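*Asks:* Got a file for you: protein.txt, compact mmCIF, C-alpha atoms.
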```txt
# COMPACT_ATOMS: atom_id res chain seq x y z
CA MET A 12 76.02 143.44 71.00
CA SER A 13 78.38 146.40 70.56
CA ASP A 14 79.75 145.80 74.07
CA VAL A 15 80.36 142.13 73.23
CA ALA A 16 82.13 143.13 70.01
CA LYS A 17 84.35 145.64 71.85
CA LEU A 18 85.37 143.12 74.55
CA ALA A 19 86.04 140.38 72.00
CA GLY A 20 87.96 142.71 69.70
CA VAL A 21 85.75 142.01 66.70
CA SER A 22 83.06 143.82 64.72
CA PRO A 23 79.37 143.80 65.72
CA MET A 24 78.71 142.01 62.41
CA THR A 25 81.03 139.18 63.50
CA VAL A 26 79.16 138.91 66.80
CA SER A 27 75.89 138.71 64.86
CA ARG A 28 77.29 135.95 62.63
CA VAL A 29 78.41 133.95 65.67
CA MET A 30 75.04 134.40 67.39
CA ASN A 31 73.27 133.21 64.25
CA GLY A 32 75.37 130.06 63.92
CA ASP A 33 77.42 131.05 60.88
CA THR A 34 79.83 128.11 60.49
CA LYS A 35 82.27 130.13 58.37
CA VAL A 36 83.49 132.08 61.41
CA ARG A 37 86.90 130.83 62.59
CA GLN A 38 86.84 128.74 65.76
CA SER A 39 89.28 131.06 67.54
CA THR A 40 87.06 134.06 66.78
CA ARG A 41 83.96 132.17 67.86
CA ARG A 42 85.54 131.35 71.22
CA LYS A 43 86.47 135.02 71.80
CA VAL A 44 82.87 136.02 71.19
CA ASP A 45 81.52 133.21 73.39
CA GLU A 46 83.84 134.27 76.22
CA ALA A 47 82.75 137.91 75.87
CA VAL A 48 79.09 136.85 75.88
CA ALA A 49 79.65 134.88 79.08
CA ALA A 50 81.65 137.68 80.74
CA LEU A 51 78.97 140.29 80.01
CA ASN A 52 76.05 137.93 80.65
CA TYR A 53 74.66 139.00 77.30
CA VAL A 54 71.19 137.69 76.42
CA PRO A 55 69.83 138.29 72.89
CA ASN A 56 66.62 140.29 72.68
CA GLN A 57 64.16 137.54 71.81
CA ALA A 58 61.38 140.00 70.93
CA ALA A 59 63.65 141.69 68.41
CA ARG A 60 64.63 138.32 66.99
CA ARG A 61 60.99 137.37 66.51
CA LEU A 62 60.34 140.70 64.79
CA ALA A 63 63.24 139.91 62.51
CA GLY A 64 61.58 136.62 61.56
CA SER A 65 63.90 134.32 63.50
CA ARG A 66 61.53 131.76 64.98
CA PRO A 67 62.95 129.18 67.41
CA ILE A 68 64.57 126.01 66.14
CA ARG A 69 63.90 122.71 67.91
CA ILE A 70 66.72 120.17 67.76
CA GLY A 71 66.42 116.62 69.00
CA PHE A 72 69.32 114.96 70.77
CA LEU A 73 69.30 111.16 70.84
CA TYR A 74 71.86 109.65 73.18
CA SER A 75 73.11 106.28 74.37
CA ASN A 76 76.70 106.40 75.57
CA PRO A 77 78.41 104.27 78.23
CA SER A 78 80.92 107.01 79.12
CA ALA A 79 79.49 109.61 81.51
CA GLY A 80 82.55 111.81 80.96
CA TYR A 81 82.04 111.87 77.19
CA LEU A 82 78.32 112.54 77.50
CA SER A 83 78.75 115.41 79.99
CA GLU A 84 81.26 117.22 77.77
CA PHE A 85 79.01 116.68 74.76
CA LEU A 86 76.06 118.21 76.62
CA VAL A 87 78.13 121.26 77.56
CA GLY A 88 78.79 121.92 73.88
CA LEU A 89 75.13 121.44 72.94
CA LEU A 90 73.90 123.77 75.67
CA ASN A 91 76.50 126.43 74.85
CA GLN A 92 75.42 126.70 71.23
CA ALA A 93 71.72 126.15 71.87
CA SER A 94 71.63 129.24 74.09
CA LEU A 95 73.47 131.30 71.47
CA ASN A 96 71.35 130.23 68.50
CA ASN A 97 67.79 130.47 69.82
CA VAL A 98 67.63 126.65 69.83
CA GLN A 99 65.39 124.48 71.97
CA LEU A 100 66.84 121.06 72.78
CA VAL A 101 64.62 118.00 73.03
CA VAL A 102 66.54 115.17 74.70
CA GLU A 103 65.61 111.52 74.27
CA LYS A 104 67.50 108.47 75.51
CA CYS A 105 67.67 105.89 72.75
CA GLU A 106 68.89 102.40 73.52
CA ALA A 107 70.32 100.33 70.70
CA GLY A 108 67.99 97.42 71.55
CA GLU A 109 64.60 96.51 70.18
CA HIS A 110 62.81 99.76 71.18
CA TRP A 111 65.03 102.26 69.37
CA LYS A 112 62.49 102.70 66.54
CA GLU A 113 59.74 103.74 68.95
CA GLN A 114 62.09 106.09 70.79
CA THR A 115 63.23 107.73 67.56
CA GLN A 116 59.70 108.02 66.19
CA ARG A 117 58.60 109.72 69.41
CA LEU A 118 61.26 112.38 68.87
CA ILE A 119 60.25 112.86 65.22
CA ASP A 120 56.57 113.13 66.19
CA ASN A 121 57.56 115.78 68.73
CA GLY A 122 58.09 118.14 65.80
CA VAL A 123 61.85 118.70 65.94
CA ASP A 124 63.56 120.48 63.03
CA GLY A 125 66.69 118.31 63.09
CA ILE A 126 68.46 115.57 65.06
CA ILE A 127 71.97 115.12 66.48
CA LEU A 128 73.39 111.60 66.84
CA PRO A 129 76.51 111.04 68.98
CA PRO A 130 78.22 107.63 69.23
CA PRO A 131 77.20 104.85 69.23
CA LEU A 132 73.92 105.90 67.59
CA CYS A 133 75.80 107.59 64.75
CA ASP A 134 76.86 104.09 63.65
CA MET A 135 73.35 102.64 63.35
CA PRO A 136 72.42 102.51 59.62
CA GLY A 137 68.80 101.66 60.40
CA LEU A 138 68.45 104.73 62.61
CA ILE A 139 69.98 107.01 59.98
CA ASP A 140 67.69 105.48 57.32
CA MET A 141 64.67 106.22 59.50
CA ILE A 142 65.66 109.86 59.99
CA ALA A 143 66.51 110.30 56.31
CA LYS A 144 63.08 108.96 55.28
CA SER A 145 61.45 111.50 57.58
CA SER A 146 63.22 114.26 55.57
CA LEU A 147 64.73 115.71 58.74
CA PRO A 148 68.30 117.03 58.56
CA ALA A 149 70.68 115.31 60.96
CA VAL A 150 74.26 115.40 62.21
CA THR A 151 76.35 112.39 63.18
CA VAL A 152 79.22 113.12 65.56
CA ALA A 153 82.42 111.03 65.87
CA CYS A 154 81.26 108.51 63.29
CA GLY A 155 84.02 106.43 61.71
CA GLN A 156 82.22 106.05 58.37
CA PRO A 157 80.02 109.14 57.72
CA ASP A 158 76.77 108.66 55.81
CA PRO A 159 76.57 111.08 52.81
CA ARG A 160 72.90 111.81 53.55
CA VAL A 161 73.65 113.61 56.82
CA ILE A 162 76.12 116.15 58.17
CA ALA A 163 79.12 114.57 59.90
CA VAL A 164 81.47 116.09 62.48
CA SER A 165 84.47 113.99 63.48
CA ILE A 166 88.22 113.70 63.89
CA ASP A 167 90.54 111.30 62.07
CA ASP A 168 90.53 108.45 64.61
CA TYR A 169 93.03 106.46 62.53
CA GLN A 170 95.62 109.24 62.47
CA ALA A 171 95.02 110.07 66.14
CA ALA A 172 95.70 106.47 67.22
CA TYR A 173 98.67 106.28 64.85
CA ALA A 174 100.14 109.46 66.38
CA MET A 175 99.73 108.26 69.97
CA THR A 176 101.21 104.83 69.20
CA SER A 177 104.14 106.47 67.43
CA HIS A 178 104.69 108.67 70.48
CA LEU A 179 104.84 105.63 72.77
CA ILE A 180 107.31 103.93 70.43
CA SER A 181 109.45 107.08 70.33
CA LEU A 182 109.71 106.85 74.13
CA GLY A 183 111.32 103.44 73.68
CA HIS A 184 108.39 101.07 74.23
CA GLN A 185 108.60 97.88 72.18
CA ARG A 186 105.81 95.89 73.80
CA ILE A 187 102.60 97.92 73.81
CA GLY A 188 99.17 96.68 74.85
CA PHE A 189 96.01 98.03 73.24
CA VAL A 190 92.44 98.02 74.61
CA ILE A 191 89.90 98.10 71.78
CA GLY A 192 86.71 100.17 72.05
CA HIS A 193 83.14 98.87 71.75
CA PRO A 194 82.65 96.81 68.57
CA ASN A 195 79.40 98.67 67.76
CA GLN A 196 81.35 101.86 66.97
CA THR A 197 83.26 102.26 63.72
CA ALA A 198 85.65 104.66 65.46
CA SER A 199 86.87 101.69 67.52
CA ALA A 200 87.96 99.85 64.39
CA ARG A 201 89.71 102.93 63.02
CA ARG A 202 91.65 103.45 66.26
CA LEU A 203 92.71 99.82 66.24
CA ALA A 204 93.78 100.14 62.59
CA GLY A 205 95.83 103.26 63.42
CA PHE A 206 97.52 101.44 66.31
CA ARG A 207 98.38 98.42 64.17
CA ALA A 208 99.67 100.57 61.31
CA ALA A 209 102.07 102.43 63.61
CA ILE A 210 103.26 99.13 65.11
CA ALA A 211 103.91 97.75 61.63
CA ASP A 212 105.57 100.89 60.28
CA ARG A 213 107.92 101.20 63.25
CA GLY A 214 108.86 97.52 63.41
CA VAL A 215 107.57 96.98 66.95
CA GLN A 216 106.45 93.62 68.33
CA ASP A 217 102.87 92.81 67.28
CA ALA A 218 101.68 89.92 69.46
CA ALA A 219 98.00 88.92 69.38
CA GLU A 220 97.97 88.67 73.18
CA LEU A 221 98.66 92.41 73.45
CA THR A 222 95.31 93.40 71.90
CA VAL A 223 92.32 92.99 74.24
CA GLN A 224 88.64 93.82 73.69
CA GLY A 225 87.03 96.55 75.78
CA MET A 226 83.58 98.16 75.73
CA PHE A 227 84.42 101.84 76.42
CA THR A 228 83.37 101.37 80.08
CA TYR A 229 85.50 101.56 83.21
CA ARG A 230 84.46 98.03 84.15
CA SER A 231 85.61 96.62 80.81
CA GLY A 232 88.88 98.51 81.24
CA LEU A 233 89.47 96.74 84.55
CA ASP A 234 88.92 93.36 82.91
CA ALA A 235 91.19 94.18 79.95
CA ALA A 236 93.96 95.52 82.19
CA GLU A 237 93.89 92.39 84.33
CA VAL A 238 94.47 90.31 81.19
CA LEU A 239 97.31 92.50 79.87
CA LEU A 240 99.09 92.97 83.19
CA GLY A 241 98.66 89.30 84.03
CA LEU A 242 100.75 88.19 81.04
CA GLU A 243 103.99 86.42 81.80
CA GLN A 244 105.71 89.12 79.75
CA ARG A 245 103.50 92.11 80.37
CA PRO A 246 103.59 95.23 78.18
CA THR A 247 105.61 98.27 79.22
CA ALA A 248 102.84 100.54 77.90
CA VAL A 249 99.07 100.28 77.46
CA PHE A 250 97.10 102.46 75.05
CA ALA A 251 93.35 102.34 75.78
CA SER A 252 90.71 103.51 73.29
CA ASN A 253 89.16 105.93 75.77
CA ASP A 254 89.99 107.60 79.08
CA ASP A 255 87.60 105.45 81.12
CA MET A 256 89.47 102.28 80.17
CA ALA A 257 92.85 103.99 80.58
CA ALA A 258 91.91 105.11 84.09
CA ALA A 259 90.87 101.54 84.89
CA THR A 260 94.27 100.34 83.67
CA VAL A 261 95.98 102.76 86.07
CA ALA A 262 93.83 101.41 88.91
CA ILE A 263 94.82 97.79 88.18
CA ALA A 264 98.48 98.78 87.91
CA HIS A 265 98.30 100.39 91.36
CA ARG A 266 96.58 97.32 92.77
CA LEU A 267 99.44 95.17 91.48
CA GLY A 268 102.01 97.46 93.04
CA LEU A 269 103.23 98.85 89.71
CA ASP A 270 104.40 102.43 89.43
CA VAL A 271 102.81 104.53 86.69
CA PRO A 272 104.72 105.58 84.64
CA GLY A 273 107.88 104.01 86.10
CA ASP A 274 106.80 100.42 85.54
CA LEU A 275 103.93 101.03 83.12
CA THR A 276 103.05 103.86 80.75
CA VAL A 277 99.31 104.38 80.23
CA ALA A 278 97.67 106.47 77.50
CA GLY A 279 94.00 107.20 76.82
CA PHE A 280 91.77 108.79 74.22
CA ASP A 281 89.25 111.70 74.37
CA ASP A 282 90.72 113.93 77.13
CA THR A 283 87.56 113.95 79.23
CA ALA A 284 87.50 115.41 82.74
CA LEU A 285 88.50 111.99 84.09
CA ALA A 286 91.95 112.37 82.51
CA THR A 287 92.87 115.08 85.01
CA THR A 288 91.01 113.78 88.07
CA ILE A 289 93.05 110.60 88.58
CA TRP A 290 96.66 110.18 89.64
CA PRO A 291 98.82 110.32 87.72
CA GLU A 292 97.01 112.51 85.20
CA LEU A 293 96.58 110.80 81.84
CA THR A 294 98.52 111.31 78.67
CA THR A 295 95.77 111.14 76.06
CA VAL A 296 94.47 112.10 72.64
CA ARG A 297 92.40 115.25 72.92
CA GLN A 298 89.23 114.86 70.91
CA PRO A 299 87.42 118.23 71.03
CA ILE A 300 84.16 116.73 72.29
CA THR A 301 82.63 120.04 73.40
CA GLY A 302 83.76 121.73 70.19
CA MET A 303 82.35 118.90 68.07
CA ALA A 304 78.98 119.24 69.79
CA GLU A 305 79.06 123.00 69.25
CA ALA A 306 79.88 122.49 65.57
CA ALA A 307 77.05 119.96 65.27
CA VAL A 308 74.55 122.57 66.46
CA GLN A 309 76.04 125.27 64.22
CA TYR A 310 75.96 123.20 61.05
CA LEU A 311 72.52 121.79 61.78
CA VAL A 312 71.08 125.26 62.44
CA ARG A 313 72.59 126.46 59.19
CA GLN A 314 70.98 123.61 57.24
CA ILE A 315 67.60 124.05 58.94
CA ARG A 316 67.57 127.76 58.10
CA ALA A 317 68.57 127.01 54.53
CA LEU A 318 65.63 124.59 54.26
CA ARG A 319 63.29 127.24 55.63
CA ASP A 320 64.58 129.65 53.00
CA GLY A 321 63.92 127.12 50.26
CA ALA A 322 67.61 126.71 49.45
CA PRO A 323 68.72 123.38 50.99
CA GLU A 324 72.45 122.78 51.31
CA ALA A 325 74.29 119.51 50.71
CA PRO A 326 75.43 117.80 53.93
CA GLU A 327 79.09 118.45 54.81
CA HIS A 328 81.72 116.28 56.48
CA VAL A 329 83.58 118.46 58.98
CA LEU A 330 86.95 117.08 60.12
CA MET A 331 88.19 118.70 63.33
CA ASP A 332 91.72 118.66 64.72
CA PHE A 333 92.96 116.35 67.44
CA SER A 334 96.05 116.81 69.62
CA LEU A 335 98.30 114.71 71.85
CA ILE A 336 98.28 115.82 75.48
CA ARG A 337 101.24 114.67 77.54
CA ARG A 338 100.78 114.49 81.29
CA GLN A 339 102.28 112.33 84.03
CA SER A 340 101.27 108.82 82.94
CA ASP A 341 103.89 108.27 80.23
CA ALA A 342 107.65 107.82 80.35
CA ALA A 343 110.43 105.82 78.77
CA PRO A 344 110.45 102.18 79.87
CA ARG A 345 112.48 101.66 83.00
CA MET A 346 115.75 99.91 82.33
CA ARG A 347 116.39 97.42 85.10
CA PRO A 348 119.76 95.71 85.61
CA PRO A 349 119.75 91.99 84.81
CA ILE A 350 119.05 89.70 87.72
CA LYS A 351 122.18 87.89 88.90
CA LEU A 352 121.37 84.33 89.88
CA ALA A 353 123.35 82.68 92.64
CA PRO A 354 125.83 80.14 91.26
CA LYS A 355 124.76 76.54 91.51
CA PRO A 356 126.59 74.61 94.26
```
Represent the supplied structure as structure tokens.

*Replies:*
Amino acid sequence: MSDVAKLAGVSPMTVSRVMNGDTKVRQSTRRKVDEAVAALNYVPNQAARRLAGSRPIRIGFLYSNPSAGYLSEFLVGLLNQASLNNVQLVVEKCEAGEHWKEQTQRLIDNGVDGIILPPPLCDMPGLIDMIAKSSLPAVTVACGQPDPRVIAVSIDDYQAAYAMTSHLISLGHQRIGFVIGHPNQTASARRLAGFRAAIADRGVQDAAELTVQGMFTYRSGLDAAEVLLGLEQRPTAVFASNDDMAAATVAIAHRLGLDVPGDLTVAGFDDTALATTIWPELTTVRQPITGMAEAAVQYLVRQIRALRDGAPEAPEHVLMDFSLIRRQSDAAPRMRPPIKLAPKP
């Protein structure tokens, strides 16, 4: 631990706080410690931890997400913090259909100490009710309307969408298409509201035909892009509610022979790995998915330990920062000279 502290430029006490999931440590400091741990291949002495009374914590992770990119980044964050906090992860796929109660009950019966709910499960009131009645602490991640009974980790989806829309308008776009996320997620509604607010505040054209429903999947993005780019007066920019649908929009644009960003600007949301594996790379809203998953583990561990100590803490709502990432898929709308028609004979 002293070696980790020396490499990270912090005190051994700070390293101990990070290893024990203290959420009051600054994120920048936590990352320095995590990097030093990885560089030195440091593994905590589990025997010493047991002697110190730190018995393992078992956290359940319920998932059901259509975006593989989102889910993979979320898992990276969970695994990072699980290994640093003596946490055992119990993973259970939970579909939003008729069997979700049985799937959730199976996880509860498995003896977990707490549960993490990413989208869209974080937006299921019945699921949260069930967990709350079991007296298990839980964390919802990226939920548009946090439930006061559980910890919540999220960004401000409204402000993030407002900021991206304002950026597109500042480039000169006056006709902007928007692909809505899945209707079963409250974050989708907040992103749409942020888009519409920016359109209204900046006096840009707000035509109903420019807003198309998507489902957060690549396939739905293809369908939505075909509608938007098939309009007689197509948009000069498309803002999709996640990177999967934005990437699909780029694909349709290429199929139609449109240059991105020369003929069409495309922007996404999340900044998953997909954003930098297509051409051109996506301008997008960076939602710190890995960091949100890490924070979910940290705050849940803290609450579980507080419960074990007989001093339960009130659930917190943690609001993390987002950022706009500009890459190669956005530009000012191309100004084309007016077409000169041949004079009538």

*Asks:* Might you pull out every residue within 10 Å of Asp212 in chain A, with only C-alpha atoms counted and same-chain residues fewer than 4 positions away left off, and present them as a list in words?

*Replies:*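 Everything that qualifies: Tyr173, Ser177, Arg207 and Ala208 of chain A.
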
*Asks:* Could you please determine the separation between CA of Ser340 in chain A and CA of Val271 in chain A in Å, to one decimal place?

*Replies:*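 A separation of 5.9 Å between them.
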
*Asks:* In the coordinate frame of the file, compute which residues have an atom within 10 Å of (75.0, 122.6, 51.8) when using all atoms listed in the file, and state them as a list of chain:residue names.

*Replies:*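 So the residues meeting the distance criterion are A:Ile162, A:Tyr310, A:Arg313, A:Gln314, A:Ala317, A:Leu318, A:Ala322, A:Pro323, A:Glu324, A:Ala325, A:Pro326, A:Glu327.
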
*Asks:* Which value, in Å to one decimal, gives the distance between CA of Ala143 in chain A and CA of Tyr81 in chain A?

*Replies:* 26.1 Å

*Asks:* Do you know which residues are at most 12 Å from Arg28 in chain A counting only C-alpha atoms, after dropping those on the same chain fewer than 2 positions away, and could you put them as a PyMOL selection string?

*Replies:* chain A and resi 12+16+21-26+30-37+40-41+44-45+95-96+309+313

*Asks:* With distances taken over only C-alpha atoms, which of A:Ala204, A:Ala235, A:Ala163, A:Met303 is nearest to Ala262 in chain A?

*Replies:*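 Between A:Ala204, A:Ala235, A:Ala163, A:Met303, the residue approaching Ala262 in chain A most closely is A:Ala235.
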
*Asks:* Rounded to one decimal in Å, what is the spacing between CA of Asp168 in chain A and CA of Asp282 in chain A?

*Replies:* 13.7 Å

*Asks:* When distances are computed from all atoms listed in the file, which of A:Val296, A:Ile142, A:Val15, A:Ile289 shows the smallest separation from Arg202 in chain A?

*Replies:*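 Of all the options, A:Val296 lies closest to Arg202 in chain A.
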
*Asks:* Given only C-alpha atoms as the basis, pick out the residue of A:Leu240, A:Ala149, A:Arg345, A:Ala286 nearest to Gly268 in chain A.

*Replies:*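 That would be A:Leu240, the residue with the smallest distance to Gly268 in chain A.
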
*Asks:* Show which residues sit within 8 Å of Leu335 in chain A, as JSON, numbers by chain. Count only C-alpha atoms, and ignore same-chain residues fewer than 2 positions away.

*Replies:* {"A": [174, 175, 294, 295, 296, 297, 333, 337]}

*Asks:* Which polymer residues have any atom within 9 Å of an atom of Lys112 in chain A, counting only C-alpha atoms, with same-chain residues fewer than 4 positions away left out, as a CSV table (one decimal) with C-alpha atoms, keeping the file's coordinate frame?

*Replies:*
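For reference, part-v9.csv as written:
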```csv
chain,number,residue,atom,x,y,z
A,105,CYS,CA,67.7,105.9,72.8
A,116,GLN,CA,59.7,108.0,66.2
A,117,ARG,CA,58.6,109.7,69.4
A,137,GLY,CA,68.8,101.7,60.4
A,138,LEU,CA,68.4,104.7,62.6
A,141,MET,CA,64.7,106.2,59.5
```

*Asks:* Tell me, as a JSON list (two decimals) with C-alpha atoms, in the frame of the given file, which residues lie within 8 Å of Asp217 in chain A, counting only C-alpha atoms; anything in the same chain fewer than 6 positions away does not count.

*Replies:*
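Below is the file that was written, part12.json:
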```json
[["chain", "number", "residue", "atom", "x", "y", "z"],
["A", 186, "ARG", "CA", 105.81, 95.89, 73.80],
["A", 207, "ARG", "CA", 98.38, 98.42, 64.17],
["A", 210, "ILE", "CA", 103.26, 99.13, 65.11],
["A", 211, "ALA", "CA", 103.91, 97.75, 61.63]]
```

*Asks:* Would you mind telling me which residue in A:Pro129, A:Gly279, A:Gly20, A:Gly225 lies nearest to Asp254 in chain A when using only C-alpha atoms?

*Replies:* A:Gly279

*Asks:* Can you work out which one of A:Val164, A:Met331, A:Trp290, A:Gln339 has the shortest atom-to-atom distance to His265 in chain A, counting only C-alpha atoms?

*Replies:*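 Among the listed residues, the smallest separation from His265 in chain A belongs to A:Trp290.
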
*Asks:* Go through A:Leu203, A:Ile166, A:Val48, A:Ile126 one by one, measure the shortest atom-to-atom distance of each to Tyr74 in chain A using all atoms listed in the file, and give the residue with the smallest value.

*Replies:*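 Once distances to Tyr74 in chain A are computed over all atoms listed in the file, the minimum belongs to A:Ile126.
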